[in-house]
$ cat final_37.pdb   # PDB, C-alpha atoms
ATOM      1  CA  MET A  12     -19.673 -13.108 -48.707
ATOM      2  CA  ASP A  13     -18.982  -9.668 -47.246
ATOM      3  CA  THR A  14     -16.277  -9.950 -44.586
ATOM      4  CA  THR A  15     -15.636  -6.257 -44.000
ATOM      5  CA  ASP A  16     -17.333  -6.329 -40.601
ATOM      6  CA  ARG A  17     -15.559  -9.441 -39.356
ATOM      7  CA  PRO A  18     -12.655  -7.655 -37.544
ATOM      8  CA  GLN A  19     -15.200  -5.547 -35.682
ATOM      9  CA  VAL A  20     -17.055  -8.689 -34.579
ATOM     10  CA  TYR A  21     -13.859 -10.277 -33.261
ATOM     11  CA  GLU A  22     -12.908  -7.051 -31.517
ATOM     12  CA  SER A  23     -16.253  -6.814 -29.758
ATOM     13  CA  VAL A  24     -15.940 -10.414 -28.584
ATOM     14  CA  THR A  25     -12.356 -10.287 -27.338
ATOM     15  CA  ARG A  26     -12.206  -6.797 -25.864
ATOM     16  CA  PRO A  27     -13.353  -6.663 -22.204
ATOM     17  CA  PRO A  28     -16.143  -4.210 -21.453
ATOM     18  CA  ARG A  29     -14.672  -0.818 -20.671
ATOM     19  CA  PRO A  30     -16.577  -0.408 -17.384
ATOM     20  CA  ALA A  31     -15.147  -3.709 -16.149
ATOM     21  CA  VAL A  32     -11.638  -2.582 -17.051
ATOM     22  CA  GLY A  33     -12.253   0.766 -15.372
ATOM     23  CA  LEU A  34     -13.503  -0.952 -12.230
ATOM     24  CA  ALA A  35     -10.412  -3.157 -12.116
ATOM     25  CA  LEU A  36      -8.061  -0.201 -12.594
ATOM     26  CA  SER A  37      -9.854   2.008 -10.074
ATOM     27  CA  CYS A  38      -8.997  -0.334  -7.194
ATOM     28  CA  HIS A  39      -5.309   0.716  -7.415
ATOM     29  CA  PRO A  40      -4.235  -2.784  -8.492
ATOM     30  CA  GLY A  41      -0.502  -2.244  -7.928
ATOM     31  CA  PRO A  42      -0.679  -1.485  -4.186
ATOM     32  CA  VAL A  43      -3.477  -4.052  -3.731
ATOM     33  CA  ALA A  44      -1.334  -6.797  -5.251
ATOM     34  CA  ALA A  45       1.856  -5.704  -3.462
ATOM     35  CA  VAL A  46       0.317  -5.680   0.025
ATOM     36  CA  THR A  47      -1.579  -8.930  -0.518
ATOM     37  CA  VAL A  48       1.464 -10.775  -1.874
ATOM     38  CA  LEU A  49       3.599  -9.477   1.003
ATOM     39  CA  VAL A  50       1.159 -10.741   3.627
ATOM     40  CA  VAL A  51       0.724 -14.119   1.927
ATOM     41  CA  ALA A  52       4.512 -14.482   1.653
ATOM     42  CA  LEU A  53       4.894 -13.598   5.340
ATOM     43  CA  SER A  54       2.193 -16.133   6.193
ATOM     44  CA  VAL A  55       4.018 -18.839   4.252
ATOM     45  CA  SER A  56       7.412 -17.957   5.771
ATOM     46  CA  SER A  57       5.818 -18.008   9.230
ATOM     47  CA  GLY A  58       4.663 -21.587   8.726
ATOM     48  CA  LEU A  59       0.920 -21.078   8.365
ATOM     49  CA  GLY A  60      -0.932 -23.910   6.652
ATOM     50  CA  GLY A  61      -2.345 -23.551   3.165
ATOM     51  CA  ALA A  62      -5.966 -22.992   4.225
ATOM     52  CA  ARG A  63      -4.974 -20.402   6.809
ATOM     53  CA  CYS A  64      -2.758 -18.597   4.269
ATOM     54  CA  VAL A  65      -5.685 -18.428   1.858
ATOM     55  CA  LEU A  66      -7.958 -17.067   4.591
ATOM     56  CA  VAL A  67      -5.481 -14.393   5.679
ATOM     57  CA  GLY A  68      -4.731 -13.505   2.056
ATOM     58  CA  GLY A  69      -8.442 -13.227   1.259
ATOM     59  CA  ALA A  70      -9.039 -10.925   4.222
ATOM     60  CA  VAL A  71      -6.178  -8.655   3.181
ATOM     61  CA  LEU A  72      -7.139  -8.707  -0.507
ATOM     62  CA  THR A  73     -10.758  -7.727   0.104
ATOM     63  CA  GLY A  74      -9.691  -5.063   2.575
ATOM     64  CA  GLN A  75      -7.243  -3.545   0.105
ATOM     65  CA  LEU A  76      -9.820  -3.664  -2.685
ATOM     66  CA  SER A  77     -12.332  -1.814  -0.522
ATOM     67  CA  VAL A  78      -9.759   0.860   0.315
ATOM     68  CA  GLY A  79      -8.706   1.335  -3.309
ATOM     69  CA  TRP A  80     -12.260   1.623  -4.631
ATOM     70  CA  CYS A  81     -13.220   3.961  -1.790
ATOM     71  CA  ASN A  82     -10.277   6.197  -2.678
ATOM     72  CA  ASP A  83     -11.196   6.562  -6.349
ATOM     73  CA  ALA A  84     -14.921   6.965  -5.725
ATOM     74  CA  PHE A  85     -14.449   9.613  -3.052
ATOM     75  CA  ASP A  86     -11.858  11.585  -5.046
ATOM     76  CA  ALA A  87     -13.677  11.353  -8.395
ATOM     77  CA  ARG A  88     -15.122  14.871  -8.417
ATOM     78  CA  ARG A  89     -11.892  16.481  -7.270
ATOM     79  CA  ASP A  90      -9.882  14.460  -9.806
ATOM     80  CA  ALA A  91     -12.256  15.532 -12.587
ATOM     81  CA  ALA A  92     -12.111  19.188 -11.529
ATOM     82  CA  ALA A  93      -8.309  19.049 -11.447
ATOM     83  CA  GLY A  94      -8.201  17.443 -14.891
ATOM     84  CA  ARG A  95      -6.298  14.388 -13.690
ATOM     85  CA  ARG A  96      -6.086  11.758 -16.405
ATOM     86  CA  GLY A  97      -5.865   8.018 -15.885
ATOM     87  CA  LYS A  98      -8.540   7.987 -13.181
ATOM     88  CA  PRO A  99     -11.299   5.660 -14.433
ATOM     89  CA  VAL A 100     -14.113   7.240 -12.424
ATOM     90  CA  ALA A 101     -13.089  10.811 -13.189
ATOM     91  CA  ASP A 102     -12.606   9.867 -16.862
ATOM     92  CA  GLY A 103     -16.143   8.465 -17.016
ATOM     93  CA  VAL A 104     -15.017   4.915 -17.807
ATOM     94  CA  VAL A 105     -16.947   3.532 -14.842
ATOM     95  CA  SER A 106     -19.637   5.203 -12.765
ATOM     96  CA  ARG A 107     -18.994   6.502  -9.284
ATOM     97  CA  SER A 108     -21.945   4.569  -7.891
ATOM     98  CA  THR A 109     -20.579   1.300  -9.329
ATOM     99  CA  VAL A 110     -17.227   1.861  -7.638
ATOM    100  CA  TRP A 111     -18.909   2.713  -4.334
ATOM    101  CA  GLN A 112     -20.943  -0.502  -4.583
ATOM    102  CA  ALA A 113     -17.756  -2.472  -5.227
ATOM    103  CA  ALA A 114     -16.051  -0.809  -2.261
ATOM    104  CA  PHE A 115     -18.841  -1.697   0.176
ATOM    105  CA  THR A 116     -19.158  -5.218  -1.220
ATOM    106  CA  ALA A 117     -15.439  -5.796  -0.727
ATOM    107  CA  LEU A 118     -15.689  -4.300   2.762
ATOM    108  CA  LEU A 119     -18.470  -6.716   3.738
ATOM    109  CA  LEU A 120     -16.391  -9.643   2.465
ATOM    110  CA  CYS A 121     -13.414  -8.303   4.400
ATOM    111  CA  VAL A 122     -15.441  -8.203   7.615
ATOM    112  CA  ALA A 123     -16.525 -11.824   7.124
ATOM    113  CA  LEU A 124     -13.047 -13.121   6.256
ATOM    114  CA  SER A 125     -11.311 -11.106   8.977
ATOM    115  CA  SER A 126     -13.777 -12.384  11.580
ATOM    116  CA  ALA A 127     -13.039 -15.934  10.449
ATOM    117  CA  CYS A 128      -9.370 -15.312  11.325
ATOM    118  CA  GLY A 129     -10.347 -15.004  14.977
ATOM    119  CA  PRO A 130     -11.881 -12.229  17.099
ATOM    120  CA  VAL A 131      -8.636 -10.467  18.053
ATOM    121  CA  ALA A 132      -6.894 -10.955  14.700
ATOM    122  CA  GLY A 133     -10.036  -9.858  12.883
ATOM    123  CA  ALA A 134     -10.453  -6.779  15.053
ATOM    124  CA  VAL A 135      -6.830  -5.739  14.481
ATOM    125  CA  HIS A 136      -7.119  -6.111  10.726
ATOM    126  CA  LEU A 137     -10.463  -4.331  10.526
ATOM    127  CA  ALA A 138      -9.012  -1.480  12.582
ATOM    128  CA  GLY A 139      -6.333  -1.109   9.915
ATOM    129  CA  VAL A 140      -8.932  -1.150   7.123
ATOM    130  CA  ALA A 141     -11.054   1.393   8.993
ATOM    131  CA  ALA A 142      -8.002   3.624   9.387
ATOM    132  CA  ALA A 143      -7.364   3.408   5.644
ATOM    133  CA  TRP A 144     -10.975   4.421   4.934
ATOM    134  CA  MET A 145     -10.557   7.355   7.318
ATOM    135  CA  TYR A 146      -7.431   8.309   5.391
ATOM    136  CA  ASN A 147      -9.432   8.400   2.175
ATOM    137  CA  LEU A 148     -12.359  10.299   3.644
ATOM    138  CA  LYS A 149     -10.557  12.827   5.822
ATOM    139  CA  LEU A 150      -7.081  12.215   7.240
ATOM    140  CA  LYS A 151      -5.082  12.456   4.012
ATOM    141  CA  THR A 152      -5.714  16.210   3.992
ATOM    142  CA  THR A 153      -4.461  16.650   7.559
ATOM    143  CA  ALA A 154      -1.133  16.520   9.394
ATOM    144  CA  LEU A 155      -2.157  13.028  10.612
ATOM    145  CA  SER A 156      -2.051  11.550   7.112
ATOM    146  CA  TRP A 157       0.746   9.184   8.214
ATOM    147  CA  LEU A 158      -1.255   7.615  11.048
ATOM    148  CA  PRO A 159      -3.470   5.234   9.003
ATOM    149  CA  TYR A 160      -0.343   3.810   7.362
ATOM    150  CA  VAL A 161       1.198   3.142  10.773
ATOM    151  CA  ILE A 162      -1.972   1.411  11.979
ATOM    152  CA  GLY A 163      -2.484  -0.559   8.777
ATOM    153  CA  PHE A 164       1.066  -1.742   8.122
ATOM    154  CA  GLY A 165       1.790  -2.294  11.799
ATOM    155  CA  GLY A 166      -1.308  -4.459  12.073
ATOM    156  CA  LEU A 167      -0.485  -6.810   9.194
ATOM    157  CA  PRO A 168       2.150  -8.869  11.084
ATOM    158  CA  VAL A 169      -0.267  -8.950  14.021
ATOM    159  CA  LEU A 170      -2.864 -10.559  11.758
ATOM    160  CA  VAL A 171      -0.347 -13.171  10.605
ATOM    161  CA  ALA A 172       1.027 -13.944  14.073
ATOM    162  CA  LEU A 173      -2.405 -14.347  15.646
ATOM    163  CA  ASN A 174      -3.236 -16.960  13.023
ATOM    164  CA  MET A 175      -0.243 -19.093  14.010
ATOM    165  CA  PRO A 176      -0.772 -22.124  16.272
ATOM    166  CA  GLY A 177      -1.541 -20.935  19.788
ATOM    167  CA  HIS A 178      -2.440 -17.462  18.503
ATOM    168  CA  PRO A 179       0.707 -15.769  19.872
ATOM    169  CA  TRP A 180       1.117 -12.015  19.966
ATOM    170  CA  PRO A 181       3.839 -10.833  17.561
ATOM    171  CA  ALA A 182       7.238  -9.642  18.695
ATOM    172  CA  TRP A 183       7.585  -5.901  19.239
ATOM    173  CA  TRP A 184      10.191  -5.507  16.545
ATOM    174  CA  VAL A 185       8.050  -6.901  13.726
ATOM    175  CA  VAL A 186       5.155  -4.563  14.565
ATOM    176  CA  THR A 187       7.555  -1.623  14.822
ATOM    177  CA  ALA A 188       9.165  -2.509  11.489
ATOM    178  CA  GLY A 189       5.742  -2.783   9.854
ATOM    179  CA  ALA A 190       4.729   0.625  11.173
ATOM    180  CA  LEU A 191       7.974   2.199   9.927
ATOM    181  CA  LEU A 192       7.468   0.639   6.505
ATOM    182  CA  GLY A 193       3.999   2.175   6.525
ATOM    183  CA  VAL A 194       5.440   5.644   7.079
ATOM    184  CA  GLY A 195       7.913   5.056   4.254
ATOM    185  CA  ALA A 196       5.119   3.829   1.980
ATOM    186  CA  HIS A 197       3.105   6.975   2.674
ATOM    187  CA  LEU A 198       5.979   9.341   1.957
ATOM    188  CA  GLY A 199       7.045   7.458  -1.165
ATOM    189  CA  ASP A 200       3.516   7.194  -2.516
ATOM    190  CA  VAL A 201       2.799  10.907  -2.139
ATOM    191  CA  LEU A 202       6.214  12.296  -3.147
ATOM    192  CA  PRO A 203       5.725  12.271  -6.966
ATOM    193  CA  ASP A 204       2.357  14.084  -6.718
ATOM    194  CA  ILE A 205       3.040  16.702  -4.052
ATOM    195  CA  ASP A 206       2.871  19.695  -6.393
ATOM    196  CA  GLY A 207      -0.385  18.519  -7.944
ATOM    197  CA  ASP A 208      -1.855  17.714  -4.535
ATOM    198  CA  LEU A 209      -1.059  21.192  -3.266
ATOM    199  CA  ALA A 210      -2.728  22.704  -6.320
ATOM    200  CA  ALA A 211      -5.810  20.599  -5.573
ATOM    201  CA  GLY A 212      -5.863  21.736  -1.939
ATOM    202  CA  SER A 213      -4.673  18.474  -0.348
ATOM    203  CA  ARG A 214      -2.445  19.189   2.651
ATOM    204  CA  GLY A 215      -1.350  15.955   4.290
ATOM    205  CA  LEU A 216       1.954  15.749   6.134
ATOM    206  CA  PRO A 217       4.142  15.311   3.004
ATOM    207  CA  GLN A 218       2.430  18.220   1.263
ATOM    208  CA  ARG A 219       2.982  20.406   4.313
ATOM    209  CA  LEU A 220       6.652  19.443   4.366
ATOM    210  CA  GLY A 221       7.090  20.033   0.638
ATOM    211  CA  ALA A 222       8.822  17.897  -1.957
ATOM    212  CA  SER A 223      12.400  18.637  -0.876
ATOM    213  CA  ARG A 224      11.934  17.884   2.809
ATOM    214  CA  THR A 225       9.778  14.840   2.076
ATOM    215  CA  ARG A 226      12.499  13.506  -0.222
ATOM    216  CA  MET A 227      15.062  13.903   2.573
ATOM    217  CA  LEU A 228      12.761  12.371   5.195
ATOM    218  CA  LEU A 229      11.781   9.358   3.075
ATOM    219  CA  PRO A 230      14.871   7.201   3.823
ATOM    220  CA  VAL A 231      14.657   7.673   7.597
ATOM    221  CA  PRO A 232      11.783   5.244   8.367
ATOM    222  CA  LEU A 233      13.143   2.723   5.856
ATOM    223  CA  VAL A 234      16.614   2.666   7.388
ATOM    224  CA  ALA A 235      15.038   2.551  10.853
ATOM    225  CA  ALA A 236      12.965  -0.465   9.769
ATOM    226  CA  SER A 237      16.140  -2.188   8.556
ATOM    227  CA  ALA A 238      17.850  -1.531  11.882
ATOM    228  CA  VAL A 239      14.873  -2.879  13.832
ATOM    229  CA  LEU A 240      14.682  -6.026  11.697
ATOM    230  CA  VAL A 241      18.421  -6.678  12.062
ATOM    231  CA  LEU A 242      18.901  -5.728  15.709
ATOM    232  CA  GLY A 243      15.461  -6.391  17.191
ATOM    233  CA  PRO A 244      15.340 -10.204  17.337
ATOM    234  CA  ALA A 245      17.172 -11.951  20.165
ATOM    235  CA  GLY A 246      20.785 -12.911  19.555
ATOM    236  CA  PRO A 247      23.634 -11.232  17.694
ATOM    237  CA  PRO A 248      22.793 -10.012  14.198
ATOM    238  CA  GLY A 249      25.813 -11.720  12.642
ATOM    239  CA  TRP A 250      27.943 -10.539   9.769
ATOM    240  CA  TRP A 251      25.043 -10.516   7.328
ATOM    241  CA  GLY A 252      23.145  -8.057   9.534
ATOM    242  CA  ALA A 253      26.037  -5.610   9.605
ATOM    243  CA  LEU A 254      26.503  -6.034   5.862
ATOM    244  CA  THR A 255      22.809  -5.382   5.230
ATOM    245  CA  LEU A 256      22.809  -2.172   7.232
ATOM    246  CA  ALA A 257      26.020  -1.041   5.570
ATOM    247  CA  ALA A 258      24.399  -1.528   2.174
ATOM    248  CA  VAL A 259      20.929  -0.188   2.868
ATOM    249  CA  VAL A 260      21.964   3.165   4.366
ATOM    250  CA  PRO A 261      23.660   4.637   1.261
ATOM    251  CA  THR A 262      20.996   3.063  -0.951
ATOM    252  CA  ALA A 263      18.134   4.604   0.981
ATOM    253  CA  PHE A 264      19.769   8.023   1.039
ATOM    254  CA  ALA A 265      20.186   8.083  -2.733
ATOM    255  CA  GLY A 266      17.573  10.816  -2.723
ATOM    256  CA  PHE A 267      20.213  13.274  -1.578
ATOM    257  CA  VAL A 268      21.710  13.095  -5.062
ATOM    258  CA  PRO A 269      20.966  16.459  -6.725
ATOM    259  CA  ARG A 270      17.725  16.223  -8.685
ATOM    260  CA  ARG A 271      19.402  17.510 -11.827
ATOM    261  CA  THR A 272      21.593  14.377 -11.726
ATOM    262  CA  TRP A 273      18.760  11.892 -11.320
ATOM    263  CA  ARG A 274      15.245  13.145 -10.640
ATOM    264  CA  LYS A 275      13.963   9.746  -9.542
ATOM    265  CA  ALA A 276      16.882   8.872  -7.273
ATOM    266  CA  ALA A 277      14.824   9.288  -4.102
ATOM    267  CA  LEU A 278      12.143   6.846  -5.178
ATOM    268  CA  ALA A 279      14.633   4.402  -6.659
ATOM    269  CA  GLY A 280      16.656   4.345  -3.434
ATOM    270  CA  ALA A 281      13.486   4.028  -1.368
ATOM    271  CA  VAL A 282      12.224   1.106  -3.417
ATOM    272  CA  ALA A 283      15.575  -0.662  -3.083
ATOM    273  CA  ALA A 284      15.691  -0.089   0.678
ATOM    274  CA  ALA A 285      12.065  -1.178   1.101
ATOM    275  CA  SER A 286      12.833  -4.339  -0.873
ATOM    276  CA  VAL A 287      15.663  -5.135   1.538
ATOM    277  CA  ASP A 288      13.292  -4.542   4.464
ATOM    278  CA  VAL A 289      10.718  -6.899   2.981
ATOM    279  CA  ALA A 290      13.374  -9.565   2.418
ATOM    280  CA  LEU A 291      14.544  -9.205   6.030
ATOM    281  CA  LEU A 292      10.953  -9.472   7.227
ATOM    282  CA  LEU A 293      10.359 -12.660   5.278
ATOM    283  CA  MET A 294      13.662 -14.133   6.502
ATOM    284  CA  ARG A 295      12.469 -13.527  10.063
ATOM    285  CA  GLY A 296       9.091 -15.146   9.367
ATOM    286  CA  THR A 297       9.327 -18.047  11.788
ATOM    287  CA  SER A 298      10.450 -15.786  14.651
ATOM    288  CA  ILE A 299       7.856 -13.009  14.399
ATOM    289  CA  ALA A 300       6.022 -14.376  17.447
TER     290      ALA A 300
END

$ encode --input "final_37.pdb" --output "structure tokens"
Amino acid sequence: MDTTDRPQVYESVTRPPRPAVGLALSCHPGPVAAVTVLVVALSVSSGLGGARCVLVGGAVLTGQLSVGWCNDAFDARRDAAAGRRGKPVADGVVSRSTVWQAAFTALLLCVALSSACGPVAGAVHLAGVAAAWMYNLKLKTTALSWLPYVIGFGGLPVLVALNMPGHPWPAWWVVTAGALLGVGAHLGDVLPDIDGDLAAGSRGLPQRLGASRTRMLLPVPLVAASAVLVLGPAGPPGWWGALTLAAVVPTAFAGFVPRRTWRKAALAGAVAAASVDVALLLMRGTSIA
């Protein structure tokens, strides 16, 4: 019996279709997973029941999927013209129309799930998703590129709080911290690609500032978020609050290390500071409203 073709048969059975892989990768799976896990973790730490956590998580997941697919579909032609590799649509792995269909399908699911969270909670979350779509379609090339991140990240704790028993409005400090984390996320996300973005004609706020000034600005919203999370809630912060601030400030400002010493110091320090902020946020879960 001729078995020379058998490895090819097994390969065709076990390997996922390339368009399906391209569709999965074009949604920006890292940020989608990070934001969804953060919101679900905040929901759990806030005391939401299992069904309500699933509902909130589903609304956030579908919203993030719609934003990610919209981003890749809209930027496909510019990515292809700029020769950017690793972009499934621009690389021809999956068609632009397929990604647009996925984006609008996820958006429709997001509308349904967000509405099921309640009229006010749903409206707040959908406003954040709409802002993210506007970022993709227009605002990321303007000086207001930071604004959708403020609206989106600031609205996530609102969504969680309004799903708690009694539908309370969240405390000011948790919304402020979320908005500051959004600014930090925007600066950190754009920082590695500023030179390429400028070459492609994209001029959001970080691109207008330039890589050096963006690197120096990056720690500011993250340290501010830490301060708000430590000092904002009622009562004295305690020794752990002072210790946290004492640790997060030098960590966040690691980007001031000369680039020749460690080129990725800014992002590494930002990630560490953002991780501390997330931990503080989750520790404050039961008191966000």

$ resolve_selection --input "final_37.pdb" --expression "the PyMOL selection byres ((chain A and resi 184) around 8)" --output "PDB file with C-alpha atoms, in the coordinates of the input"
ATOM      1  CA  ALA A 182       7.238  -9.642  18.695  1.00  0.00           C
ATOM      2  CA  TRP A 183       7.585  -5.901  19.239  1.00  0.00           C
ATOM      3  CA  VAL A 185       8.050  -6.901  13.726  1.00  0.00           C
ATOM      4  CA  VAL A 186       5.155  -4.563  14.565  1.00  0.00           C
ATOM      5  CA  THR A 187       7.555  -1.623  14.822  1.00  0.00           C
ATOM      6  CA  ALA A 188       9.165  -2.509  11.489  1.00  0.00           C
ATOM      7  CA  VAL A 239      14.873  -2.879  13.832  1.00  0.00           C
ATOM      8  CA  LEU A 240      14.682  -6.026  11.697  1.00  0.00           C
ATOM      9  CA  GLY A 243      15.461  -6.391  17.191  1.00  0.00           C
ATOM     10  CA  PRO A 244      15.340 -10.204  17.337  1.00  0.00           C
TER      11      PRO A 244
END

$ residues_around --input "final_37.pdb" --residues "Ala154 (chain A)" --least-positions-apart "4" --cutoff "12 Å" --atoms "all atoms listed in the file" --output "list in words"
Tyr146, Lys149, Leu150, Leu158, Pro159, Ser213, Arg214, Gly215, Leu216, Pro217, Gln218, Arg219 and Leu220 of chain A

$ resolve_selection --input "final_37.pdb" --expression "the PyMOL selection byres ((chain A and resi 252) around 10)" --output "ChimeraX atom specification"
/A:237-238,240-242,247-251,253-258,291

$ residues_around --input "final_37.pdb" --residues "Lys98 (chain A)" --least-positions-apart "3" --cutoff "10 Å" --atoms "only C-alpha atoms" --output "list in words"
Gly33, Leu36, Ser37, His39, Asp83, Ala84, Asp86, Ala87, Asp90, Ala91, Gly94, Arg95, Ala101, Asp102, Gly103, Val104 and Val105 of chain A

$ axis_aligned_box --input "final_37.pdb" --around "region 183-196 of chain A" --padding-each-side "8 Å" --output "AutoDock Vina command-line options"
--center_x 7.1 --center_y -0.6 --center_z 10.6 --size_x 22.2 --size_y 28.5 --size_z 33.3

$ residues_around --input "final_37.pdb" --residues "Leu124 (chain A)" --least-positions-apart "2" --cutoff "9 Å" --atoms "only C-alpha atoms" --output "ChimeraX atom specification"
/A:66-67,69-71,73,119-122,126-128,133

$ atom_distance --input "final_37.pdb" --atom1 "CA of Ala132 (chain A)" --atom2 "CA of Gly58 (chain A)"
16.8 Å

$ resolve_selection --input "final_37.pdb" --expression "the PyMOL selection byres ((chain A and resi 201-207) around 7)" --output "count of residues only"
12
